[in-house]
file final14.cif (mmCIF, C-alpha atoms)
data_upload
loop_
_atom_site.label_atom_id
_atom_site.label_comp_id
_atom_site.auth_asym_id
_atom_site.auth_seq_id
_atom_site.Cartn_x
_atom_site.Cartn_y
_atom_site.Cartn_z
CA MET A 14 124.36 35.76 111.50
CA ASN A 15 123.35 33.54 114.39
CA SER A 16 121.53 35.46 117.09
CA SER A 17 122.21 33.07 119.93
CA THR A 18 124.60 35.47 121.64
CA ALA A 19 121.90 38.15 121.66
CA GLY A 20 119.76 35.90 123.85
CA ARG A 21 122.64 35.27 126.23
CA GLN A 22 124.04 38.78 126.54
CA ILE A 23 122.10 41.98 126.11
CA PRO A 24 124.04 45.11 125.06
CA VAL A 25 123.73 47.98 127.53
CA VAL A 26 124.26 51.32 125.78
CA VAL A 27 124.85 54.57 127.66
CA LEU A 28 123.34 57.59 125.87
CA ALA A 29 124.89 60.80 127.19
CA GLY A 30 125.11 64.47 126.33
CA PHE A 31 124.45 67.78 128.03
CA LEU A 32 121.00 69.31 128.40
CA GLY A 33 119.61 70.39 125.05
CA SER A 34 121.98 68.31 122.94
CA GLY A 35 119.11 66.21 121.58
CA LYS A 36 119.40 62.92 123.50
CA THR A 37 115.66 62.48 123.91
CA THR A 38 114.98 63.30 120.27
CA LEU A 39 117.59 60.78 119.20
CA LEU A 40 116.12 58.16 121.52
CA ASN A 41 112.63 58.80 120.16
CA HIS A 42 113.97 58.34 116.64
CA LEU A 43 115.63 55.03 117.54
CA LEU A 44 112.52 53.71 119.26
CA ARG A 45 110.37 54.50 116.24
CA ARG A 46 112.80 52.65 114.01
CA ARG A 47 113.74 49.80 116.28
CA ALA A 48 113.58 47.17 113.48
CA GLY A 49 111.65 44.70 115.61
CA ASN A 50 114.02 44.85 118.57
CA ARG A 51 112.55 44.93 122.06
CA VAL A 52 114.06 47.92 123.83
CA ALA A 53 114.33 48.72 127.53
CA VAL A 54 115.01 52.35 128.44
CA ILE A 55 116.52 53.36 131.77
CA VAL A 56 116.51 57.06 132.64
CA ASN A 57 119.26 58.01 135.06
CA ASP A 58 118.82 60.94 137.45
CA PHE A 59 115.30 61.52 136.24
CA GLY A 60 114.83 64.75 138.10
CA ALA A 61 117.40 66.49 135.90
CA VAL A 62 115.66 65.47 132.69
CA GLU A 63 112.89 67.42 130.98
CA ILE A 64 109.98 65.55 132.50
CA ASP A 65 107.48 66.79 129.92
CA ALA A 66 109.53 65.10 127.21
CA MET A 67 109.95 61.79 129.00
CA THR A 68 106.81 61.17 131.03
CA VAL A 69 105.28 57.91 129.91
CA ALA A 70 101.55 57.46 130.53
CA GLY A 71 101.92 59.78 133.51
CA GLN A 72 104.12 57.30 135.36
CA VAL A 73 107.60 58.19 136.54
CA GLY A 74 109.89 57.04 139.31
CA SER A 75 109.20 53.34 138.89
CA THR A 76 109.29 50.52 136.39
CA VAL A 77 106.58 50.92 133.79
CA SER A 78 105.52 47.79 131.95
CA LEU A 79 103.12 48.48 129.12
CA GLY A 80 102.86 44.86 128.01
CA ASN A 81 104.55 45.57 124.70
CA GLY A 82 108.16 44.77 125.40
CA CYS A 83 109.45 48.22 126.31
CA LEU A 84 110.16 49.06 129.90
CA CYS A 85 110.98 52.57 131.05
CA CYS A 86 112.67 53.01 134.41
CA ALA A 87 113.62 56.12 136.32
CA VAL A 88 116.54 55.27 138.58
CA ASP A 89 119.64 56.61 140.19
CA ALA A 90 123.01 54.92 139.84
CA SER A 91 122.67 52.99 143.11
CA GLU A 92 119.61 51.19 141.74
CA LEU A 93 121.06 50.35 138.37
CA ASP A 94 122.24 46.80 139.06
CA GLY A 95 118.84 45.80 140.36
CA TYR A 96 117.06 47.10 137.30
CA LEU A 97 119.52 45.45 134.95
CA GLU A 98 118.92 42.17 136.73
CA ARG A 99 115.18 42.49 136.27
CA LEU A 100 115.36 43.64 132.66
CA THR A 101 117.67 40.83 131.58
CA ARG A 102 115.52 38.00 132.83
CA PRO A 103 114.62 35.76 129.88
CA ALA A 104 110.91 36.38 130.38
CA ALA A 105 111.39 40.07 129.46
CA ARG A 106 112.81 39.09 126.03
CA ILE A 107 114.70 42.39 125.82
CA ASP A 108 117.20 42.79 122.95
CA ILE A 109 118.94 46.00 124.00
CA ILE A 110 118.99 48.31 127.02
CA VAL A 111 119.57 52.04 126.60
CA ILE A 112 120.50 54.09 129.66
CA GLU A 113 119.76 57.75 129.04
CA ALA A 114 122.02 59.67 131.39
CA SER A 115 120.77 63.02 132.56
CA GLY A 116 122.36 66.09 131.05
CA LEU A 117 124.31 66.62 134.26
CA ALA A 118 125.26 63.00 134.92
CA GLU A 119 128.78 61.59 134.75
CA PRO A 120 128.65 58.93 132.01
CA GLN A 121 132.01 57.51 133.02
CA GLU A 122 130.51 56.26 136.28
CA LEU A 123 127.66 54.53 134.47
CA VAL A 124 130.12 52.88 132.09
CA ARG A 125 132.23 51.69 135.01
CA MET A 126 129.18 50.18 136.68
CA ILE A 127 128.31 48.22 133.56
CA LEU A 128 131.86 46.98 133.07
CA ALA A 129 132.20 46.04 136.74
CA GLY A 130 128.85 44.29 136.89
CA ASP A 131 128.73 40.53 137.27
CA ASN A 132 125.45 40.00 135.43
CA PRO A 133 126.24 37.27 132.86
CA ARG A 134 123.31 38.37 130.68
CA THR A 135 124.66 41.88 129.95
CA VAL A 136 127.53 43.20 127.89
CA TYR A 137 128.77 46.75 127.47
CA GLY A 138 127.19 48.24 124.36
CA GLY A 139 129.14 51.49 124.17
CA LEU A 140 128.98 55.13 125.23
CA VAL A 141 127.12 57.32 122.75
CA GLU A 142 127.79 61.02 123.35
CA VAL A 143 125.40 63.52 121.72
CA VAL A 144 126.90 66.93 120.93
CA ASP A 145 125.04 70.09 119.91
CA ALA A 146 127.00 71.45 116.93
CA ALA A 147 125.43 74.90 117.23
CA GLU A 148 126.24 75.24 120.94
CA PHE A 149 129.49 73.29 120.99
CA ASP A 150 131.83 76.10 122.04
CA ALA A 151 129.39 77.46 124.63
CA THR A 152 128.85 73.98 126.07
CA ARG A 153 132.58 73.40 126.45
CA GLU A 154 132.90 76.73 128.22
CA ARG A 155 130.06 75.95 130.64
CA HIS A 156 131.02 72.30 131.05
CA PRO A 157 134.78 71.70 130.72
CA GLU A 158 134.12 68.04 131.40
CA THR A 159 132.87 67.83 127.80
CA ASP A 160 136.41 67.10 126.71
CA ARG A 161 136.66 64.17 129.11
CA HIS A 162 133.34 62.74 127.95
CA LEU A 163 134.41 62.87 124.31
CA ALA A 164 137.71 61.20 125.17
CA ILE A 165 135.94 58.06 126.45
CA ALA A 166 133.07 57.99 123.94
CA ASP A 167 132.69 55.09 121.53
CA LEU A 168 130.32 56.93 119.20
CA VAL A 169 129.82 60.70 118.95
CA VAL A 170 126.65 62.02 117.34
CA LEU A 171 127.29 65.57 116.18
CA ASN A 172 123.68 66.73 116.28
CA LYS A 173 121.86 69.84 115.00
CA THR A 174 124.23 70.22 112.08
CA ASP A 175 121.40 71.88 110.16
CA ARG A 176 121.92 74.91 112.41
CA VAL A 177 125.53 75.59 111.45
CA THR A 178 127.27 76.55 108.23
CA PRO A 179 129.30 73.93 106.32
CA ALA A 180 132.50 75.65 107.41
CA GLU A 181 131.45 75.62 111.08
CA HIS A 182 130.38 72.00 110.73
CA GLU A 183 133.84 71.04 109.50
CA ARG A 184 135.52 73.03 112.27
CA VAL A 185 133.51 71.37 115.02
CA LEU A 186 134.07 67.96 113.43
CA GLY A 187 137.79 68.56 113.58
CA VAL A 188 137.71 69.54 117.26
CA VAL A 189 135.51 66.56 118.16
CA ALA A 190 137.83 64.19 116.29
CA GLU A 191 140.80 65.62 118.15
CA LEU A 192 139.14 65.32 121.56
CA GLY A 193 137.78 61.83 120.89
CA PRO A 194 140.35 60.21 118.58
CA ASP A 195 139.09 56.67 119.20
CA ALA A 196 135.41 57.40 118.61
CA ALA A 197 133.39 57.06 115.45
CA VAL A 198 131.73 60.39 114.64
CA VAL A 199 128.37 60.67 112.88
CA SER A 200 126.76 63.97 111.86
CA ALA A 201 123.00 64.30 112.22
CA SER A 202 120.05 66.65 112.32
CA TYR A 203 117.10 66.02 114.66
CA GLY A 204 118.98 63.05 116.12
CA ARG A 205 118.47 61.02 112.98
CA ILE A 206 121.17 58.39 112.95
CA ASP A 207 120.69 55.02 111.33
CA PRO A 208 119.42 52.55 113.96
CA GLY A 209 121.80 49.97 112.49
CA LEU A 210 124.55 51.62 114.51
CA LEU A 211 122.97 50.31 117.71
CA PHE A 212 120.30 47.76 116.84
CA ASP A 213 120.88 44.37 115.32
CA PRO A 214 118.44 43.16 112.67
CA ALA A 215 115.08 42.08 114.02
CA THR A 216 115.10 38.63 115.56
CA ARG A 217 111.55 38.50 116.83
CA PRO A 218 108.66 36.95 114.91
CA ALA A 219 106.44 39.24 112.91
CA GLU A 220 103.51 38.74 115.25
CA ASP A 221 105.36 40.76 117.88
CA GLU A 222 104.75 43.77 115.68
CA LYS A 223 101.03 43.49 116.39
CA VAL A 224 101.75 44.91 119.84
CA ARG A 225 103.21 48.37 119.39
CA GLN A 226 106.54 49.17 121.03
CA LEU A 227 106.61 52.22 123.25
CA SER A 228 107.98 54.98 121.02
CA PHE A 229 106.68 58.22 122.54
CA GLU A 230 104.65 58.70 119.33
CA ASP A 231 101.66 59.83 121.35
CA LEU A 232 103.79 62.42 123.11
CA ARG A 233 105.64 63.83 120.12
CA ALA A 234 103.91 63.17 116.84
CA ASP A 235 106.08 65.81 115.18
CA ASP A 236 109.62 64.43 114.82
CA GLY A 237 111.11 67.90 114.82
CA GLU A 238 109.46 69.09 118.03
CA GLY A 239 111.91 70.12 120.70
CA GLU A 240 114.66 71.12 118.28
CA GLY A 241 113.00 73.98 116.45
CA ARG A 242 111.81 74.48 112.92
CA GLY A 243 112.94 76.34 109.91
CA GLU A 244 114.51 75.64 106.57
CA GLY A 245 115.88 72.31 107.76
CA HIS A 246 112.54 71.00 108.99
CA ALA A 247 111.47 69.27 105.76
CA HIS A 248 114.93 67.79 105.42
CA ALA A 249 114.58 66.29 108.87
CA HIS A 250 112.51 63.45 107.46
CA HIS A 251 115.54 62.02 105.65
CA PRO A 252 117.75 59.91 107.91
CA HIS A 253 121.40 60.92 108.13
CA THR A 254 123.31 57.68 108.22
CA GLY A 255 126.95 58.69 107.98
CA TYR A 256 128.24 55.18 108.58
CA GLU A 257 129.34 52.17 106.58
CA SER A 258 129.19 48.45 107.28
CA LEU A 259 131.17 45.48 106.02
CA SER A 260 130.01 41.87 106.05
CA PHE A 261 132.96 39.49 106.14
CA ASP A 262 132.55 35.80 105.37
CA GLU A 263 135.61 33.53 105.27
CA PRO A 264 135.52 29.71 105.00
CA ALA A 265 139.18 29.31 106.00
CA ALA A 266 140.12 29.28 109.68
CA MET A 267 141.57 32.46 111.12
CA ASP A 268 145.06 32.72 112.57
CA PRO A 269 144.50 33.95 116.15
CA ARG A 270 147.72 35.95 116.23
CA ARG A 271 146.96 37.80 113.03
CA LEU A 272 143.34 38.46 113.97
CA MET A 273 144.34 39.83 117.35
CA ALA A 274 146.88 42.13 115.69
CA PHE A 275 144.02 43.44 113.57
CA LEU A 276 141.61 43.85 116.50
CA ASP A 277 144.18 45.40 118.82
CA SER A 278 144.91 48.08 116.22
CA ARG A 279 141.35 48.73 115.07
CA PRO A 280 141.32 51.74 112.75
CA GLU A 281 139.85 55.09 113.67
CA GLY A 282 136.09 55.21 113.13
CA LEU A 283 135.50 51.45 113.42
CA TYR A 284 132.72 51.38 116.01
CA ARG A 285 131.46 47.81 116.20
CA VAL A 286 132.67 44.31 115.36
CA LYS A 287 130.40 41.35 115.97
CA GLY A 288 130.03 37.81 114.77
CA PHE A 289 131.66 34.39 115.03
CA VAL A 290 135.25 33.33 114.45
CA ASP A 291 136.61 29.90 113.50
CA PHE A 292 140.16 29.43 114.81
CA GLY A 293 140.46 26.00 113.25
CA ALA A 294 143.15 23.78 114.78
CA ALA A 295 143.86 26.37 117.49
CA ASP A 296 140.57 25.36 119.13
CA PRO A 297 138.66 22.84 117.01
CA ASP A 298 135.93 22.33 119.60
CA ASN A 299 134.70 25.92 119.85
CA ARG A 300 133.67 28.86 117.77
CA TYR A 301 134.26 32.31 119.26
CA ALA A 302 131.56 34.96 119.39
CA VAL A 303 133.28 38.33 119.24
CA HIS A 304 131.81 41.59 120.52
CA ALA A 305 133.73 44.84 120.12
CA VAL A 306 132.43 48.36 120.59
CA GLY A 307 134.88 51.22 120.56
CA ARG A 308 137.86 50.02 122.58
CA PHE A 309 135.88 47.34 124.43
CA LEU A 310 136.52 43.78 123.25
CA ARG A 311 135.32 40.38 124.45
CA PHE A 312 135.39 36.83 123.08
CA TYR A 313 132.86 34.19 124.12
CA PRO A 314 133.83 30.60 123.23
CA GLU A 315 131.01 28.14 122.74
CA PRO A 316 130.80 24.61 121.28
CA TRP A 317 130.14 24.42 117.58
CA PRO A 318 126.45 23.66 116.94
CA ARG A 319 125.95 20.21 115.52
CA GLY A 320 126.04 20.32 111.75
CA ALA A 321 127.12 23.98 111.59
CA GLU A 322 129.39 24.98 108.73
CA ARG A 323 132.74 26.07 110.10
CA ARG A 324 133.54 29.54 108.86
CA THR A 325 134.13 33.07 110.15
CA GLN A 326 131.30 35.57 109.76
CA LEU A 327 131.70 39.13 110.98
CA VAL A 328 129.94 42.46 110.63
CA LEU A 329 131.99 45.63 111.00
CA ILE A 330 130.28 49.02 111.45
CA GLY A 331 131.91 52.42 111.54
CA SER A 332 132.11 55.97 110.30
CA GLY A 333 134.55 56.87 107.53
CA ILE A 334 135.96 53.36 107.33
CA ASP A 335 137.60 51.93 104.21
CA ARG A 336 135.63 48.73 103.62
CA ASP A 337 137.93 47.39 100.92
CA ALA A 338 141.00 47.91 103.09
CA LEU A 339 139.33 46.26 106.09
CA ASP A 340 138.26 43.28 104.02
CA LYS A 341 141.80 42.90 102.69
CA GLU A 342 143.29 43.09 106.19
CA LEU A 343 140.89 40.43 107.44
CA ARG A 344 141.59 38.12 104.49
CA VAL A 345 145.26 38.24 105.44
CA CYS A 346 144.27 36.84 108.84
CA ALA A 347 142.98 33.63 107.27
CA VAL A 348 145.09 30.47 107.28
CA THR A 349 145.93 29.39 103.74
CA GLY A 350 148.01 26.66 102.14
CA ALA A 351 150.81 29.17 101.65
CA ASP A 352 151.33 29.51 105.41
CA SER A 353 154.40 27.72 106.65
CA ASP A 354 154.81 29.15 110.15
CA LEU A 355 151.57 28.08 111.75
CA GLY A 356 152.62 24.68 113.05
CA GLU A 357 151.93 25.72 116.65
CA LEU A 358 148.36 26.87 116.11
CA GLY A 359 147.14 24.25 118.56
CA ASP A 360 149.35 25.58 121.37
CA GLU A 361 147.83 27.84 123.99
CA ALA A 362 150.48 30.40 123.10
CA ALA A 363 148.81 30.89 119.73
CA MET A 364 145.49 31.61 121.44
CA TRP A 365 146.89 33.83 124.19
CA GLY A 366 145.81 37.07 122.55
CA VAL A 367 142.27 35.75 122.25
CA LEU A 368 142.07 34.21 125.71
CA ARG A 369 143.03 37.42 127.46
CA TYR A 370 139.77 38.88 126.11
CA VAL A 371 137.68 35.96 127.37
CA ARG A 372 136.05 37.17 130.58
CA SER A 373 136.72 33.97 132.48
CA GLY A 374 140.03 33.31 130.74
CA PRO A 375 143.57 34.25 131.75
CA ALA A 376 144.26 37.98 132.09
CA ALA A 377 140.67 38.72 131.12
CA GLU A 378 140.70 41.93 133.11
CA GLU A 379 143.64 43.53 131.35
CA ALA A 380 143.21 47.05 130.02
CA THR A 381 140.53 46.22 127.48
CA ASP A 382 137.87 48.58 128.76
CA PRO A 383 137.49 52.28 127.91
CA VAL A 384 137.58 53.64 131.45
#

call {"tool": "encode", "arguments": {"input": "final14.cif", "output": "structure tokens"}}
result
Amino acid sequence: MNSSTAGRQIPVVVLAGFLGSGKTTLLNHLLRRRAGNRVAVIVNDFGAVEIDAMTVAGQVGSTVSLGNGCLCCAVDASELDGYLERLTRPAARIDIIVIEASGLAEPQELVRMILAGDNPRTVYGGLVEVVDAAEFDATRERHPETDRHLAIADLVVLNKTDRVTPAEHERVLGVVAELGPDAAVVSASYGRIDPGLLFDPATRPAEDEKVRQLSFEDLRADDGEGEGRGEGHAHAHHPHTGYESLSFDEPAAMDPRRLMAFLDSRPEGLYRVKGFVDFGAADPDNRYAVHAVGRFLRFYPEPWPRGAERRTQLVLIGSGIDRDALDKELRVCAVTGADSDLGELGDEAAMWGVLRYVRSGPAAEEATDPV
């Protein structure tokens, strides 16, 4: 996969969940296993967060640059655009930005700010909602807005599953799936999801590893701290992935109408789609970088690099997805010698479905966003 789009647009992920759900523990886990990515963390509404868990080198309330590629900011929503502008400057070399919303924040507003922003170097990276399986019913009773948050989530992490029985786990899973039918759902203990759900493979040279990324290791050497101990503690050292990925590589050009039919009806649990698409005669001058997370979808046309092999390469990531079925559906989107109805591929009408998801293209602002 070519990483050129990563340098141009940095995913901004909103990490949400009510107090005690395990957001900070999950974030710590991701930072420790960042796979070479340079991560910026923005803490929203800092005063509502457990300060003892998030204080970095005794500095809060301002940008903290430790010279190792990780910046931690404590901001309110009104300051967010300014921080995103600073963090996305090329000199920062940031690969992903994670906004940890406070336990009492409204994630929908943060998502709207990201989607409405005009920073060309950022792209919406999804809303990750962390849910405490053991306290799920009590949380919904105290915070009825839980249902609304789940309805707009792109990924739900059902955390602390080690604290419930298998039967209770299945019950809560069913309720979460009903409340958030478009979200991928991953079960976890101690916030241990596979970083591949959020982080792309490392793109930085190995020498960057000589300077340690901020990971809160000095603050919480024990991975289980903050979520209790017990029989599940030893098991906490085994990551709970709960997701599948599919790498799709097709040398034939893709029919834009067929591909858009596939993308517009993405199956339940398919969380991310990324890569490059060759539309062949429909647009011979450009390849199209595609970025989809949850219900958000964008295409970014760019000239084919000189000497590049023309083919479609995609990575699909989700929870409970049928990889064989997805691969088969995508193969059907390819143009083959058996096609007899594709004579108008070069017409703009054939590309209309794609162009409406190009930010600067026609109808780019149609209902493609999750809020």

call {"tool": "resolve_selection", "arguments": {"input": "final14.cif", "expression": "the PyMOL selection byres ((chain A and resi 28-43) around 6)", "output": "NGL selection string"}}
result
:A and (27 or 44-47 or 112-114 or 116 or 141-145 or 204 or 208)

call {"tool": "resolve_selection", "arguments": {"input": "final14.cif", "expression": "the PyMOL selection byres ((chain A and resi 330-343) around 10)", "output": "ChimeraX atom specification"}}
result
/A:168,196-200,209-211,254-263,267,271-272,275-276,279-287,306-307,327-329,344-347

call {"tool": "write_last_selection", "arguments": {"input": "final14.cif", "atoms": "C-alpha atoms", "output": "mmCIF file, keeping the file's coordinate frame"}}
result
data_model
loop_
_atom_site.group_PDB
_atom_site.id
_atom_site.type_symbol
_atom_site.label_atom_id
_atom_site.label_comp_id
_atom_site.auth_asym_id
_atom_site.auth_seq_id
_atom_site.Cartn_x
_atom_site.Cartn_y
_atom_site.Cartn_z
ATOM 1 C CA LEU A 168 130.320 56.930 119.200
ATOM 2 C CA ALA A 196 135.410 57.400 118.610
ATOM 3 C CA ALA A 197 133.390 57.060 115.450
ATOM 4 C CA VAL A 198 131.730 60.390 114.640
ATOM 5 C CA VAL A 199 128.370 60.670 112.880
ATOM 6 C CA SER A 200 126.760 63.970 111.860
ATOM 7 C CA GLY A 209 121.800 49.970 112.490
ATOM 8 C CA LEU A 210 124.550 51.620 114.510
ATOM 9 C CA LEU A 211 122.970 50.310 117.710
ATOM 10 C CA THR A 254 123.310 57.680 108.220
ATOM 11 C CA GLY A 255 126.950 58.690 107.980
ATOM 12 C CA TYR A 256 128.240 55.180 108.580
ATOM 13 C CA GLU A 257 129.340 52.170 106.580
ATOM 14 C CA SER A 258 129.190 48.450 107.280
ATOM 15 C CA LEU A 259 131.170 45.480 106.020
ATOM 16 C CA SER A 260 130.010 41.870 106.050
ATOM 17 C CA PHE A 261 132.960 39.490 106.140
ATOM 18 C CA ASP A 262 132.550 35.800 105.370
ATOM 19 C CA GLU A 263 135.610 33.530 105.270
ATOM 20 C CA MET A 267 141.570 32.460 111.120
ATOM 21 C CA ARG A 271 146.960 37.800 113.030
ATOM 22 C CA LEU A 272 143.340 38.460 113.970
ATOM 23 C CA PHE A 275 144.020 43.440 113.570
ATOM 24 C CA LEU A 276 141.610 43.850 116.500
ATOM 25 C CA ARG A 279 141.350 48.730 115.070
ATOM 26 C CA PRO A 280 141.320 51.740 112.750
ATOM 27 C CA GLU A 281 139.850 55.090 113.670
ATOM 28 C CA GLY A 282 136.090 55.210 113.130
ATOM 29 C CA LEU A 283 135.500 51.450 113.420
ATOM 30 C CA TYR A 284 132.720 51.380 116.010
ATOM 31 C CA ARG A 285 131.460 47.810 116.200
ATOM 32 C CA VAL A 286 132.670 44.310 115.360
ATOM 33 C CA LYS A 287 130.400 41.350 115.970
ATOM 34 C CA VAL A 306 132.430 48.360 120.590
ATOM 35 C CA GLY A 307 134.880 51.220 120.560
ATOM 36 C CA LEU A 327 131.700 39.130 110.980
ATOM 37 C CA VAL A 328 129.940 42.460 110.630
ATOM 38 C CA LEU A 329 131.990 45.630 111.000
ATOM 39 C CA ARG A 344 141.590 38.120 104.490
ATOM 40 C CA VAL A 345 145.260 38.240 105.440
ATOM 41 C CA CYS A 346 144.270 36.840 108.840
ATOM 42 C CA ALA A 347 142.980 33.630 107.270
#

call {"tool": "atom_distance", "arguments": {"input": "final14.cif", "atom1": "CA of Arg270 in chain A", "atom2": "CA of Ala166 in chain A"}}
result
27.6 Å

call {"tool": "resolve_selection", "arguments": {"input": "final14.cif", "expression": "the PyMOL selection byres ((chain A and resi 101-105) around 8)", "output": "CSV table (one decimal) with C-alpha atoms, in the frame of the given file"}}
result
chain,number,residue,atom,x,y,z
A,20,GLY,CA,119.8,35.9,123.8
A,23,ILE,CA,122.1,42.0,126.1
A,82,GLY,CA,108.2,44.8,125.4
A,97,LEU,CA,119.5,45.4,135.0
A,98,GLU,CA,118.9,42.2,136.7
A,99,ARG,CA,115.2,42.5,136.3
A,100,LEU,CA,115.4,43.6,132.7
A,106,ARG,CA,112.8,39.1,126.0
A,107,ILE,CA,114.7,42.4,125.8
A,134,ARG,CA,123.3,38.4,130.7
A,135,THR,CA,124.7,41.9,130.0

call {"tool": "atom_distance", "arguments": {"input": "final14.cif", "atom1": "CA of Asn172 in chain A", "atom2": "CA of Ser202 in chain A"}}
result
5.4 Å

call {"tool": "atom_distance", "arguments": {"input": "final14.cif", "atom1": "CA of Gly95 in chain A", "atom2": "CA of Phe212 in chain A"}}
result
23.6 Å

call {"tool": "residues_around", "arguments": {"input": "final14.cif", "residues": "Met126 in chain A", "least_positions_apart": "2", "cutoff": "10 Å", "atoms": "all atoms listed in the file", "output": "PyMOL selection string"}}
result
chain A and resi 90-91+93-94+120-124+128-131+137

call {"tool": "build_atoms", "arguments": {"input": "final14.cif", "residues": "range 158-171 of chain A", "atoms": "N, CA and C atoms", "output": "mmCIF file, in the coordinates of the input"}}
result
data_model
loop_
_atom_site.group_PDB
_atom_site.id
_atom_site.type_symbol
_atom_site.label_atom_id
_atom_site.label_comp_id
_atom_site.auth_asym_id
_atom_site.auth_seq_id
_atom_site.Cartn_x
_atom_site.Cartn_y
_atom_site.Cartn_z
ATOM 1 N N GLU A 158 134.058 69.494 131.423
ATOM 2 C CA GLU A 158 134.120 68.040 131.400
ATOM 3 C C GLU A 158 133.721 67.453 130.055
ATOM 4 N N THR A 159 133.195 68.283 129.156
ATOM 5 C CA THR A 159 132.870 67.830 127.800
ATOM 6 C C THR A 159 134.056 67.123 127.157
ATOM 7 N N ASP A 160 135.226 67.685 127.326
ATOM 8 C CA ASP A 160 136.410 67.100 126.710
ATOM 9 C C ASP A 160 136.661 65.688 127.231
ATOM 10 N N ARG A 161 136.458 65.484 128.521
ATOM 11 C CA ARG A 161 136.660 64.170 129.110
ATOM 12 C C ARG A 161 135.625 63.174 128.597
ATOM 13 N N HIS A 162 134.397 63.623 128.443
ATOM 14 C CA HIS A 162 133.340 62.740 127.950
ATOM 15 C C HIS A 162 133.645 62.295 126.524
ATOM 16 N N LEU A 163 134.084 63.226 125.697
ATOM 17 C CA LEU A 163 134.410 62.870 124.310
ATOM 18 C C LEU A 163 135.588 61.913 124.252
ATOM 19 N N ALA A 164 136.512 62.041 125.184
ATOM 20 C CA ALA A 164 137.710 61.200 125.170
ATOM 21 C C ALA A 164 137.381 59.737 125.428
ATOM 22 N N ILE A 165 136.278 59.453 126.144
ATOM 23 C CA ILE A 165 135.940 58.060 126.450
ATOM 24 C C ILE A 165 134.774 57.554 125.621
ATOM 25 N N ALA A 166 134.220 58.392 124.741
ATOM 26 C CA ALA A 166 133.070 57.990 123.940
ATOM 27 C C ALA A 166 133.459 56.939 122.904
ATOM 28 N N ASP A 167 132.516 56.062 122.605
ATOM 29 C CA ASP A 167 132.690 55.090 121.530
ATOM 30 C C ASP A 167 132.078 55.587 120.230
ATOM 31 N N LEU A 168 130.988 56.344 120.356
ATOM 32 C CA LEU A 168 130.320 56.930 119.200
ATOM 33 C C LEU A 168 129.903 58.351 119.585
ATOM 34 N N VAL A 169 130.238 59.312 118.743
ATOM 35 C CA VAL A 169 129.820 60.700 118.950
ATOM 36 C C VAL A 169 128.819 61.061 117.869
ATOM 37 N N VAL A 170 127.657 61.528 118.281
ATOM 38 C CA VAL A 170 126.650 62.020 117.340
ATOM 39 C C VAL A 170 126.713 63.537 117.369
ATOM 40 N N LEU A 171 127.231 64.116 116.308
ATOM 41 C CA LEU A 171 127.290 65.570 116.180
ATOM 42 C C LEU A 171 125.940 66.027 115.666
#
